[in-house]
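Structure data follow from start.txt (compact mmCIF, C-alpha atoms (C1' of nucleotides)):
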```
# COMPACT_ATOMS: atom_id res chain seq x y z
CA MET E 1 -1.52 -24.28 10.14
CA THR E 2 1.60 -25.04 12.14
CA GLU E 3 2.89 -28.44 13.15
CA GLN E 4 3.95 -28.20 16.73
CA ALA E 5 4.37 -31.90 17.32
CA GLY E 6 6.63 -34.11 15.27
CA ARG E 7 10.03 -33.14 14.06
CA ARG E 8 11.66 -29.96 15.20
CA ARG E 9 14.99 -28.66 13.96
CA ASP E 10 14.09 -29.04 10.31
CA ALA E 11 15.51 -26.24 8.22
CA ALA E 12 13.77 -27.29 5.00
CA ALA E 13 10.37 -27.44 6.69
CA THR E 14 10.96 -24.05 8.27
CA GLN E 15 11.80 -22.49 4.92
CA GLN E 16 8.72 -24.08 3.37
CA ALA E 17 6.52 -22.76 6.16
CA LEU E 18 7.94 -19.28 5.67
CA LEU E 19 7.41 -19.42 1.90
CA ASP E 20 3.83 -20.62 2.29
CA ALA E 21 2.99 -18.05 4.93
CA ALA E 22 4.59 -15.26 2.91
CA ALA E 23 2.75 -16.28 -0.27
CA LYS E 24 -0.55 -16.18 1.57
CA LEU E 25 0.00 -12.87 3.32
CA PHE E 26 1.56 -11.09 0.33
CA ALA E 27 -1.46 -12.10 -1.76
CA GLU E 28 -3.88 -10.91 0.91
CA ARG E 29 -2.23 -7.67 1.97
CA GLY E 30 0.53 -6.83 -0.49
CA PHE E 31 4.19 -6.30 0.22
CA ASP E 32 4.10 -3.13 2.29
CA ARG E 33 1.26 -4.09 4.59
CA THR E 34 2.73 -7.48 5.42
CA THR E 35 5.23 -7.40 8.28
CA VAL E 36 7.98 -9.92 8.89
CA ARG E 37 6.45 -10.58 12.30
CA ASP E 38 3.15 -11.47 10.61
CA ILE E 39 4.88 -13.89 8.29
CA ALA E 40 6.89 -15.53 11.05
CA GLY E 41 3.78 -15.78 13.22
CA GLU E 42 1.69 -17.31 10.43
CA ALA E 43 4.48 -19.81 9.80
CA GLY E 44 4.86 -20.56 13.51
CA VAL E 45 8.51 -19.70 13.29
CA ASN E 46 10.87 -17.29 15.00
CA GLN E 47 11.21 -14.18 12.89
CA ALA E 48 14.98 -14.21 13.07
CA LEU E 49 14.93 -17.37 10.98
CA LEU E 50 13.30 -15.44 8.16
CA PHE E 51 16.45 -13.35 7.89
CA ARG E 52 18.76 -16.32 8.37
CA TYR E 53 17.20 -18.24 5.49
CA PHE E 54 16.16 -15.45 3.12
CA GLY E 55 18.27 -12.46 4.09
CA SER E 56 15.59 -9.80 3.83
CA LYS E 57 11.87 -9.26 3.39
CA GLU E 58 12.39 -8.33 -0.26
CA ALA E 59 14.41 -11.47 -0.93
CA LEU E 60 11.58 -13.52 0.58
CA PHE E 61 9.17 -11.77 -1.77
CA GLU E 62 11.38 -12.63 -4.72
CA ALA E 63 11.53 -16.24 -3.58
CA VAL E 64 7.73 -16.42 -3.40
CA ILE E 65 7.31 -15.02 -6.89
CA ALA E 66 10.05 -17.24 -8.26
CA ARG E 67 8.23 -20.26 -6.88
CA ASP E 68 4.64 -19.42 -7.84
CA GLY E 69 4.92 -16.69 -10.45
CA ARG E 70 5.45 -18.59 -13.64
CA GLU E 71 3.38 -21.61 -12.71
CA GLN E 72 0.12 -20.65 -14.37
CA LEU E 73 1.93 -18.83 -17.14
CA ALA E 74 3.85 -21.94 -18.13
CA GLY E 75 0.97 -24.35 -17.72
CA THR E 76 -1.68 -22.57 -19.78
CA PRO E 77 -1.92 -22.31 -23.58
CA PRO E 78 -2.06 -18.67 -24.75
CA GLU E 79 -5.61 -18.78 -26.08
CA ARG E 80 -6.86 -19.83 -22.68
CA LEU E 81 -4.57 -17.63 -20.57
CA PHE E 82 -6.97 -14.71 -20.38
CA SER E 83 -10.04 -16.62 -19.27
CA ALA E 84 -7.95 -19.00 -17.16
CA SER E 85 -6.32 -16.14 -15.28
CA LEU E 86 -9.67 -14.45 -14.89
CA ARG E 87 -11.28 -17.60 -13.54
CA SER E 88 -8.30 -18.29 -11.30
CA MET E 89 -8.66 -14.87 -9.73
CA LEU E 90 -12.41 -15.20 -9.39
CA ALA E 91 -12.31 -18.68 -7.90
CA PRO E 92 -13.59 -18.41 -4.34
CA GLU E 93 -11.42 -21.14 -2.86
CA GLY E 94 -8.99 -23.91 -3.53
CA PRO E 95 -5.29 -23.71 -4.26
CA ARG E 96 -5.65 -20.98 -6.85
CA ASN E 97 -2.61 -19.17 -8.11
CA ARG E 98 -2.53 -15.80 -6.38
CA THR E 99 0.36 -14.23 -8.23
CA LEU E 100 -1.74 -11.62 -9.99
CA GLU E 101 -3.42 -10.82 -6.70
CA THR E 102 0.00 -10.36 -5.15
CA TYR E 103 0.96 -8.20 -8.11
CA LEU E 104 -1.87 -5.75 -7.70
CA ARG E 105 -1.86 -5.68 -3.92
CA SER E 106 1.82 -4.83 -4.01
CA SER E 107 1.32 -1.90 -6.35
CA GLY E 108 3.08 1.15 -5.10
CA SER E 109 5.93 -0.75 -3.56
CA ASP E 110 9.39 0.27 -4.64
CA GLY E 111 12.61 -1.60 -5.00
CA ALA E 112 12.83 -5.25 -5.85
CA ALA E 113 9.08 -5.72 -5.45
CA ALA E 114 8.48 -3.19 -8.22
CA ALA E 115 10.98 -4.83 -10.54
CA ILE E 116 9.38 -8.22 -10.09
CA ARG E 117 5.91 -6.80 -10.57
CA GLN E 118 7.02 -5.41 -13.90
CA GLU E 119 8.55 -8.72 -14.95
CA ILE E 120 5.37 -10.66 -14.26
CA GLY E 121 3.28 -8.13 -16.14
CA GLU E 122 5.55 -8.28 -19.15
CA GLU E 123 5.40 -12.04 -19.33
CA TYR E 124 1.63 -12.09 -19.18
CA ALA E 125 1.33 -9.35 -21.79
CA ARG E 126 3.82 -11.04 -24.09
CA VAL E 127 1.72 -14.17 -24.15
CA LEU E 128 -1.55 -12.29 -24.59
CA ALA E 129 -0.06 -10.32 -27.47
CA THR E 130 0.29 -13.51 -29.50
CA LEU E 131 -3.50 -13.75 -29.62
CA THR E 132 -3.98 -10.98 -32.15
CA ASP E 133 -2.25 -10.07 -35.37
CA ALA E 134 -3.12 -6.39 -35.09
CA PRO E 135 -0.12 -4.08 -35.46
CA ASP E 136 -0.70 -2.72 -31.97
CA ALA E 137 -0.88 -6.19 -30.44
CA GLU E 138 1.19 -5.27 -27.40
CA LEU E 139 -1.02 -2.34 -26.54
CA ARG E 140 -4.11 -4.50 -26.89
CA ALA E 141 -2.50 -7.11 -24.65
CA ASP E 142 -1.73 -4.47 -22.05
CA LEU E 143 -5.34 -3.34 -22.11
CA ALA E 144 -6.55 -6.90 -21.65
CA LEU E 145 -4.14 -7.40 -18.77
CA ALA E 146 -5.32 -4.11 -17.34
CA TRP E 147 -8.87 -5.36 -17.34
CA LEU E 148 -7.81 -8.50 -15.49
CA MET E 149 -6.07 -6.41 -12.88
CA GLY E 150 -8.95 -3.96 -12.63
CA ILE E 151 -11.51 -6.70 -12.09
CA ALA E 152 -9.34 -8.23 -9.39
CA LEU E 153 -8.86 -4.81 -7.85
CA VAL E 154 -12.53 -3.87 -7.73
CA ARG E 155 -13.66 -7.33 -6.73
CA GLU E 156 -11.07 -8.47 -4.24
CA VAL E 157 -9.57 -5.30 -2.89
CA SER E 158 -12.52 -2.96 -2.91
CA GLY E 159 -15.14 -5.65 -2.52
CA LYS E 160 -17.55 -3.65 -4.62
CA GLU E 161 -20.97 -5.08 -5.25
CA PRO E 162 -22.41 -6.55 -7.39
CA LEU E 163 -19.06 -7.47 -8.90
CA ALA E 164 -17.67 -8.99 -5.71
CA SER E 165 -20.46 -11.57 -5.45
CA ALA E 166 -21.11 -12.07 -9.13
CA ASP E 167 -20.92 -15.49 -10.71
CA PRO E 168 -17.50 -16.03 -12.32
CA ASP E 169 -19.28 -17.47 -15.36
CA ASP E 170 -21.30 -14.29 -15.87
CA ILE E 171 -18.21 -12.14 -15.52
CA CYS E 172 -16.25 -14.32 -17.88
CA ARG E 173 -18.97 -14.22 -20.49
CA LEU E 174 -19.27 -10.44 -20.46
CA VAL E 175 -15.54 -9.82 -20.42
CA VAL E 176 -14.58 -12.38 -23.02
CA THR E 177 -17.28 -11.06 -25.34
CA ALA E 178 -16.05 -7.51 -24.95
CA THR E 179 -12.42 -8.44 -25.47
CA ARG E 180 -13.25 -10.15 -28.78
CA THR E 181 -12.73 -6.81 -30.49
CA LEU E 182 -9.35 -6.53 -28.78
CA LEU E 183 -7.83 -9.95 -29.08
CA GLU E 184 -8.82 -11.55 -32.35
CA ARG E 185 -7.21 -12.55 -35.56
CA THR E 186 -8.38 -10.94 -38.76
CA GLU E 187 -6.94 -13.64 -40.98
CA MET U 1 5.17 25.56 -4.09
CA THR U 2 5.18 27.36 -0.76
CA GLU U 3 4.82 31.08 -0.21
CA GLN U 4 7.36 32.05 2.38
CA ALA U 5 7.08 35.80 1.94
CA GLY U 6 3.81 37.69 2.30
CA ARG U 7 1.24 36.97 4.96
CA ARG U 8 1.95 34.61 7.77
CA ARG U 9 -0.52 33.58 10.41
CA ASP U 10 -3.25 32.72 7.89
CA ALA U 11 -5.25 29.72 9.00
CA ALA U 12 -7.28 29.48 5.81
CA ALA U 13 -4.18 29.54 3.62
CA THR U 14 -2.54 26.92 5.80
CA GLN U 15 -5.52 24.61 5.50
CA GLN U 16 -5.57 25.13 1.74
CA ALA U 17 -1.86 24.33 1.48
CA LEU U 18 -2.39 21.16 3.50
CA LEU U 19 -5.34 20.10 1.36
CA ASP U 20 -3.43 20.72 -1.87
CA ALA U 21 -0.31 18.94 -0.67
CA ALA U 22 -2.35 16.00 0.63
CA ALA U 23 -4.31 15.71 -2.62
CA LYS U 24 -1.09 15.58 -4.60
CA LEU U 25 0.69 13.07 -2.39
CA PHE U 26 -2.31 10.79 -1.84
CA ALA U 27 -2.75 10.62 -5.62
CA GLU U 28 0.92 9.87 -6.16
CA ARG U 29 1.56 7.43 -3.34
CA GLY U 30 -1.75 6.38 -1.87
CA PHE U 31 -2.87 6.72 1.73
CA ASP U 32 -0.52 4.33 3.48
CA ARG U 33 2.67 5.42 1.80
CA THR U 34 2.07 9.10 2.42
CA THR U 35 3.26 10.29 5.83
CA VAL U 36 1.95 13.31 7.69
CA ARG U 37 5.50 14.67 7.69
CA ASP U 38 5.57 14.46 3.90
CA ILE U 39 2.30 16.35 3.64
CA ALA U 40 3.36 19.06 6.07
CA GLY U 41 6.71 19.39 4.30
CA GLU U 42 5.10 19.64 0.87
CA ALA U 43 2.74 22.29 2.22
CA GLY U 44 5.57 24.14 3.95
CA VAL U 45 3.70 23.90 7.22
CA ASN U 46 4.42 22.52 10.67
CA GLN U 47 3.00 19.03 10.94
CA ALA U 48 1.26 19.76 14.22
CA LEU U 49 -1.06 22.12 12.32
CA LEU U 50 -2.30 19.20 10.28
CA PHE U 51 -3.74 17.70 13.43
CA ARG U 52 -5.01 21.01 14.73
CA TYR U 53 -7.01 21.70 11.58
CA PHE U 54 -8.01 18.23 10.49
CA GLY U 55 -7.72 16.05 13.58
CA SER U 56 -6.12 13.01 11.96
CA LYS U 57 -4.53 11.76 8.79
CA GLU U 58 -7.73 9.90 7.89
CA ALA U 59 -9.85 12.99 8.40
CA LEU U 60 -7.53 14.89 6.06
CA PHE U 61 -8.01 12.13 3.50
CA GLU U 62 -11.76 12.46 3.83
CA ALA U 63 -11.50 16.22 3.37
CA VAL U 64 -9.48 15.79 0.18
CA ILE U 65 -12.01 13.37 -1.28
CA ALA U 66 -14.91 15.54 -0.21
CA ARG U 67 -13.37 18.48 -2.03
CA ASP U 68 -12.26 16.77 -5.25
CA GLY U 69 -14.16 13.50 -5.36
CA ARG U 70 -17.46 14.50 -6.80
CA GLU U 71 -16.19 17.25 -9.04
CA GLN U 72 -15.84 15.28 -12.24
CA LEU U 73 -18.77 13.09 -11.34
CA ALA U 74 -21.09 16.07 -11.04
CA GLY U 75 -19.77 17.95 -14.04
CA THR U 76 -19.92 15.21 -16.65
CA PRO U 77 -23.01 13.81 -18.41
CA PRO U 78 -23.28 10.02 -17.97
CA GLU U 79 -22.70 9.13 -21.61
CA ARG U 80 -19.36 10.88 -21.50
CA LEU U 81 -18.29 9.81 -18.00
CA PHE U 82 -16.44 6.72 -19.12
CA SER U 83 -14.32 8.30 -21.82
CA ALA U 84 -13.96 11.52 -19.84
CA SER U 85 -12.65 9.66 -16.80
CA LEU U 86 -10.39 7.60 -18.99
CA ARG U 87 -8.99 10.68 -20.69
CA SER U 88 -8.65 12.49 -17.39
CA MET U 89 -6.55 9.68 -16.02
CA LEU U 90 -4.48 9.44 -19.17
CA ALA U 91 -3.84 13.18 -19.47
CA PRO U 92 -0.14 13.72 -18.93
CA GLU U 93 -0.40 17.08 -17.24
CA GLY U 94 -2.64 19.95 -16.27
CA PRO U 95 -5.06 20.19 -13.36
CA ARG U 96 -6.60 16.80 -13.99
CA ASN U 97 -8.85 15.25 -11.41
CA ARG U 98 -6.82 12.59 -9.64
CA THR U 99 -9.57 11.08 -7.53
CA LEU U 100 -9.57 7.73 -9.30
CA GLU U 101 -5.79 7.64 -9.07
CA THR U 102 -6.08 8.26 -5.35
CA TYR U 103 -8.70 5.53 -5.18
CA LEU U 104 -6.53 2.86 -6.70
CA ARG U 105 -3.29 3.89 -5.03
CA SER U 106 -5.04 3.71 -1.68
CA SER U 107 -6.29 0.18 -2.26
CA GLY U 108 -5.56 -2.02 0.66
CA SER U 109 -6.00 0.70 3.21
CA ASP U 110 -8.45 0.03 5.97
CA GLY U 111 -10.69 2.22 8.03
CA ALA U 112 -12.16 5.44 6.79
CA ALA U 113 -10.06 5.37 3.63
CA ALA U 114 -11.67 2.09 2.64
CA ALA U 115 -15.17 3.38 3.31
CA ILE U 116 -14.58 6.43 1.16
CA ARG U 117 -13.06 4.38 -1.62
CA GLN U 118 -16.19 2.30 -1.67
CA GLU U 119 -18.40 5.35 -1.79
CA ILE U 120 -16.58 6.83 -4.78
CA GLY U 121 -16.72 3.54 -6.63
CA GLU U 122 -20.42 3.21 -6.03
CA GLU U 123 -21.17 6.67 -7.34
CA TYR U 124 -19.20 6.10 -10.52
CA ALA U 125 -20.79 2.72 -11.09
CA ARG U 126 -24.28 4.07 -10.44
CA VAL U 127 -23.85 6.64 -13.18
CA LEU U 128 -22.28 4.16 -15.61
CA ALA U 129 -25.13 1.74 -15.00
CA THR U 130 -27.58 4.20 -16.50
CA LEU U 131 -25.89 3.73 -19.87
CA THR U 132 -27.33 0.32 -20.55
CA ASP U 133 -30.77 -1.19 -20.17
CA ALA U 134 -29.45 -4.72 -19.74
CA PRO U 135 -30.83 -6.50 -16.67
CA ASP U 136 -27.30 -6.84 -15.26
CA ALA U 137 -26.54 -3.17 -15.76
CA GLU U 138 -24.79 -2.77 -12.42
CA LEU U 139 -22.46 -5.67 -13.07
CA ARG U 140 -21.63 -4.27 -16.49
CA ALA U 141 -20.94 -0.90 -14.91
CA ASP U 142 -18.63 -2.48 -12.36
CA LEU U 143 -16.72 -4.20 -15.14
CA ALA U 144 -16.36 -0.92 -17.01
CA LEU U 145 -15.16 0.81 -13.87
CA ALA U 146 -12.79 -2.08 -13.29
CA TRP U 147 -11.29 -1.51 -16.71
CA LEU U 148 -10.75 2.16 -15.90
CA MET U 149 -9.01 1.26 -12.70
CA GLY U 150 -6.97 -1.46 -14.32
CA ILE U 151 -5.73 0.82 -17.07
CA ALA U 152 -4.73 3.42 -14.51
CA LEU U 153 -3.07 0.73 -12.44
CA VAL U 154 -1.01 -0.76 -15.24
CA ARG U 155 -0.21 2.60 -16.79
CA GLU U 156 0.46 4.84 -13.82
CA VAL U 157 1.43 2.52 -11.03
CA SER U 158 3.27 -0.21 -12.89
CA GLY U 159 4.43 2.00 -15.75
CA LYS U 160 4.14 -0.92 -18.11
CA GLU U 161 5.04 -0.34 -21.75
CA PRO U 162 3.67 0.14 -24.31
CA LEU U 163 0.56 1.16 -22.38
CA ALA U 164 2.34 3.76 -20.27
CA SER U 165 3.48 5.77 -23.29
CA ALA U 166 0.55 5.05 -25.57
CA ASP U 167 -1.47 7.86 -27.10
CA PRO U 168 -4.61 8.47 -25.03
CA ASP U 169 -6.58 8.64 -28.27
CA ASP U 170 -5.47 5.16 -29.29
CA ILE U 171 -6.31 3.77 -25.87
CA CYS U 172 -9.67 5.48 -25.84
CA ARG U 173 -10.56 4.16 -29.28
CA LEU U 174 -9.73 0.55 -28.42
CA VAL U 175 -11.41 0.63 -25.02
CA VAL U 176 -14.55 2.44 -26.07
CA THR U 177 -14.98 0.06 -28.99
CA ALA U 178 -14.62 -2.95 -26.73
CA THR U 179 -17.02 -1.59 -24.12
CA ARG U 180 -19.73 -1.09 -26.77
CA THR U 181 -20.85 -4.63 -26.09
CA LEU U 182 -21.02 -3.82 -22.38
CA LEU U 183 -22.63 -0.43 -22.21
CA GLU U 184 -25.21 -0.06 -24.92
CA ARG U 185 -28.90 0.23 -25.23
CA THR U 186 -30.82 -2.40 -27.12
CA GLU U 187 -33.89 -0.28 -27.61
C1' DC R 1 -0.63 49.67 26.05
C1' DT R 2 -2.53 45.30 27.62
C1' DC R 3 -4.89 41.42 27.43
C1' DG R 4 -6.30 36.99 25.44
C1' DG R 5 -7.24 34.05 21.89
C1' DT R 6 -5.20 32.45 17.46
C1' DT R 7 -1.38 30.74 14.76
C1' DG R 8 3.08 28.66 14.39
C1' DT R 9 7.09 25.91 16.48
C1' DA R 10 9.97 22.39 18.64
C1' DA R 11 10.32 18.53 21.11
C1' DG R 12 8.90 14.24 22.34
C1' DC R 13 5.77 10.09 23.15
C1' DA R 14 4.52 5.23 22.44
C1' DG R 15 4.17 1.92 19.07
C1' DC R 16 5.64 -0.42 15.05
C1' DT R 17 9.09 -1.50 11.31
C1' DG R 18 13.01 -4.40 9.27
C1' DC R 19 16.89 -6.36 10.94
C1' DT R 20 20.81 -7.98 14.25
C1' DT R 21 23.01 -10.06 18.02
C1' DA R 22 24.10 -13.08 21.80
C1' DC R 23 22.94 -17.26 23.37
C1' DA R 24 20.65 -21.85 24.36
C1' DA R 25 19.10 -26.41 22.63
C1' DC R 26 19.70 -29.95 19.70
C1' DG R 27 21.68 -33.94 17.29
C1' DC R 28 25.11 -35.80 14.09
C1' DT R 29 29.98 -37.40 13.85
C1' DA R 30 34.06 -39.11 15.73
C1' DT M 1 30.59 -39.71 25.38
C1' DA M 2 32.79 -35.24 23.70
C1' DG M 3 32.87 -31.86 20.44
C1' DC M 4 30.81 -28.80 17.16
C1' DG M 5 28.13 -27.02 13.55
C1' DT M 6 23.12 -26.40 12.84
C1' DT M 7 18.67 -24.85 14.37
C1' DG M 8 15.77 -22.19 17.33
C1' DT M 9 15.06 -18.29 20.85
C1' DA M 10 14.82 -13.85 23.21
C1' DA M 11 16.08 -9.42 23.45
C1' DG M 12 17.07 -5.29 21.51
C1' DC M 13 18.65 -1.71 17.99
C1' DA M 14 17.85 2.45 15.16
C1' DG M 15 14.60 4.51 12.39
C1' DC M 16 10.06 5.78 11.20
C1' DT M 17 4.95 6.32 12.17
C1' DG M 18 0.74 9.09 13.74
C1' DC M 19 -0.13 12.09 17.19
C1' DT M 20 0.43 15.23 21.51
C1' DT M 21 2.18 18.67 24.42
C1' DA M 22 4.29 22.84 26.13
C1' DC M 23 5.48 27.04 24.60
C1' DA M 24 6.63 31.27 21.74
C1' DA M 25 5.08 34.80 18.36
C1' DC M 26 1.60 37.33 16.64
C1' DC M 27 -2.38 40.57 16.33
C1' DG M 28 -6.89 42.52 16.95
C1' DA M 29 -10.08 44.17 20.74
C1' DG M 30 -10.64 46.65 25.03
```

As structure tokens, the full file:
Amino acid sequence: MTEQAGRRRDAAATQQALLDAAAKLFAERGFDRTTVRDIAGEAGVNQALLFRYFGSKEALFEAVIARDGREQLAGTPPERLFSASLRSMLAPEGPRNRTLETYLRSSGSDGAAAAIRQEIGEEYARVLATLTDAPDAELRADLALAWLMGIALVREVSGKEPLASADPDDICRLVVTATRTLLERTE
Amino acid sequence: MTEQAGRRRDAAATQQALLDAAAKLFAERGFDRTTVRDIAGEAGVNQALLFRYFGSKEALFEAVIARDGREQLAGTPPERLFSASLRSMLAPEGPRNRTLETYLRSSGSDGAAAAIRQEIGEEYARVLATLTDAPDAELRADLALAWLMGIALVREVSGKEPLASADPDDICRLVVTATRTLLERTE
DNA sequence: CTCGGTTGTAAGCAGCTGCTTACAACGCTA
DNA sequence: TAGCGTTGTAAGCAGCTGCTTACAACCGAG
């Protein structure tokens, strides 16, 4: 996790370590339940440096989202965004993108965290809305996004069975089938 | 909100006021973000009484769920539970049952709160699972429950538009239509 | 009236939170 | 090598958290 040997006095590496640690902990616990001491400890860094390099806990949160938030969004064609996001959230391991997980685990936070949450949600919904030509496309997109969030919530946060241990393929099949009535073109 | 005149020294009324205040605040802010001082203040009661009558903040949470949690579950036939819960969460006002709202706003909490969350989820899913005869009925029920939670999350917690201001009837129509492929009998 | 348990109050405890400050160690530049 | 800005450290601040304690006010029973 932390590199004790090798170079010390490396500001860039320290900032990276803080960003990585924060991204992990925010995704796992959300904004409120992650303390600056946790982040500094996970990064193997003195907590005062967090404030030197990022100014505040909220600014660190913004930096994490700015780095990871639009990655999947930009790199996925719209027609695959829904299933790709679903699979990304369901993937048990690997360097998955945990932005949506961060989003839902930080629900209820105020301030800058709330503003950023909203921004992410809007970007996802905007892309999903292009998938249908129904007049209420945005509402349908919100409902699809809501299902994504709900599945992540019940699976990851609540750990409810059988959903928590279900095969991502099975989940994907059921959900994509059901959302056909939501996100489809009539033309 | 609080009755200052009239009887004082009424243990039962004090406990009721604490339960009501706690139910409201837990639904609005979740477990973690609600402080015992908030609850006592909302109830117009000295905070020490909270501990005298309920022992701990977690025990108060359990008491709230025990009082309200199974109300809607017990009073609604299975085939209407999904749309009834959805409508109850979408209802803008009135004495709606806010158990599911409490559930999702308290996500991420540990301890007794987590155990109770799980219990509520299981009861809802068990009932929903009776609606289909598919072999993976429980998984389908979890996915339906997840959609409920996700809609509440995006609508109430994130306040995302257009979902937040959408007509409950429109939402219900779209969601119930989409879940037909999930929760239906083949026989 | 007096007693004694019940109800309500005020103050405070220890622990944690985000954040700040004063200072030491380092290493590049001159 | 001397100086100095950069990087890292340790300690601590004020505010909030759940919870406890010591005590006053009340009221029915004897």

Check which residues of chain E sit at most 10 Å from chain R using all atoms listed in the file, and return one row each with the closest pair of atoms and their distance in Å to one decimal, ordered by chain and rising number, as a tab-separated table.
```
residue	atom	partner	partner_atom	distance
E:Arg8	CA	R:DC26	C1'	9.2
E:Arg9	CA	R:DC26	C1'	7.5
E:Thr35	CA	R:DT17	C1'	7.7
E:Val36	CA	R:DG18	C1'	7.5
E:Arg37	CA	R:DT17	C1'	9.5
E:Gln47	CA	R:DC19	C1'	9.9
E:Ala48	CA	R:DC19	C1'	8.4
E:Phe51	CA	R:DC19	C1'	7.6
E:Gly55	CA	R:DC19	C1'	9.3
E:Ser56	CA	R:DC19	C1'	8.0
E:Lys57	CA	R:DG18	C1'	7.7
```

What are the residues of chain E that have an atom within 7 Å of an atom of chain U, counting all atoms listed in the file, as a PDB file with C-alpha atoms, keeping the file's coordinate frame?
```pdb
ATOM      1  CA  ARG E  29      -2.230  -7.670   1.970  1.00  0.00           C
ATOM      2  CA  ARG E 105      -1.860  -5.680  -3.920  1.00  0.00           C
ATOM      3  CA  SER E 107       1.320  -1.900  -6.350  1.00  0.00           C
ATOM      4  CA  GLY E 108       3.080   1.150  -5.100  1.00  0.00           C
ATOM      5  CA  GLN E 118       7.020  -5.410 -13.900  1.00  0.00           C
ATOM      6  CA  GLU E 138       1.190  -5.270 -27.400  1.00  0.00           C
ATOM      7  CA  LEU E 139      -1.020  -2.340 -26.540  1.00  0.00           C
ATOM      8  CA  ASP E 142      -1.730  -4.470 -22.050  1.00  0.00           C
ATOM      9  CA  LEU E 143      -5.340  -3.340 -22.110  1.00  0.00           C
ATOM     10  CA  ALA E 146      -5.320  -4.110 -17.340  1.00  0.00           C
ATOM     11  CA  TRP E 147      -8.870  -5.360 -17.340  1.00  0.00           C
ATOM     12  CA  MET E 149      -6.070  -6.410 -12.880  1.00  0.00           C
ATOM     13  CA  GLY E 150      -8.950  -3.960 -12.630  1.00  0.00           C
ATOM     14  CA  ILE E 151     -11.510  -6.700 -12.090  1.00  0.00           C
ATOM     15  CA  VAL E 154     -12.530  -3.870  -7.730  1.00  0.00           C
ATOM     16  CA  VAL E 157      -9.570  -5.300  -2.890  1.00  0.00           C
ATOM     17  CA  SER E 158     -12.520  -2.960  -2.910  1.00  0.00           C
ATOM     18  CA  LYS E 160     -17.550  -3.650  -4.620  1.00  0.00           C
ATOM     19  CA  PRO E 162     -22.410  -6.550  -7.390  1.00  0.00           C
ATOM     20  CA  LEU E 163     -19.060  -7.470  -8.900  1.00  0.00           C
ATOM     21  CA  ALA E 178     -16.050  -7.510 -24.950  1.00  0.00           C
ATOM     22  CA  THR E 179     -12.420  -8.440 -25.470  1.00  0.00           C
ATOM     23  CA  THR E 181     -12.730  -6.810 -30.490  1.00  0.00           C
ATOM     24  CA  LEU E 182      -9.350  -6.530 -28.780  1.00  0.00           C
TER      25      LEU E 182
END
```

Select all residues from chain M having any atom no more than 9 Å from an atom of chain E (counting only C-alpha atoms (C1' of nucleotides), ignoring ligands), output as a PDB file with C-alpha atoms (C1' of nucleotides), keeping the file's coordinate frame.
```pdb
ATOM      1  C1'  DT M   6      23.120 -26.400  12.840  1.00  0.00           C
ATOM      2  C1'  DT M   7      18.670 -24.850  14.370  1.00  0.00           C
ATOM      3  C1'  DG M   8      15.770 -22.190  17.330  1.00  0.00           C
ATOM      4  C1'  DT M   9      15.060 -18.290  20.850  1.00  0.00           C
TER       5       DT M   9
END
```

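The two atoms in question, atom CA of Gln15 of chain U and atom CA of Leu90 of chain U, are spaced 29.0 Å apart.
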
Margin query: For a cutoff of 7 Å around the file-coordinate point (-8.2, 11.6, -3.3), which residues qualify once you count all atoms listed in the file? I'd like the result as JSON, numbers by chain.
Written below: {"U": [23, 26, 27, 61, 64, 65, 68, 69, 98, 99, 102, 103]}

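Between atom C1' of DA14 of chain M and atom CA of Thr34 of chain U the interatomic distance comes to 21.3 Å.
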
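Going from atom CA of Ala63 of chain E over to atom CA of Leu19 of chain E, you cover 7.6 Å.
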
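Remark: for Asn97 of chain E, the closest of the candidate residues E:Phe31, E:Arg126, E:Lys24, E:Gln16 is E:Lys24 (distances computed over all atoms listed in the file).
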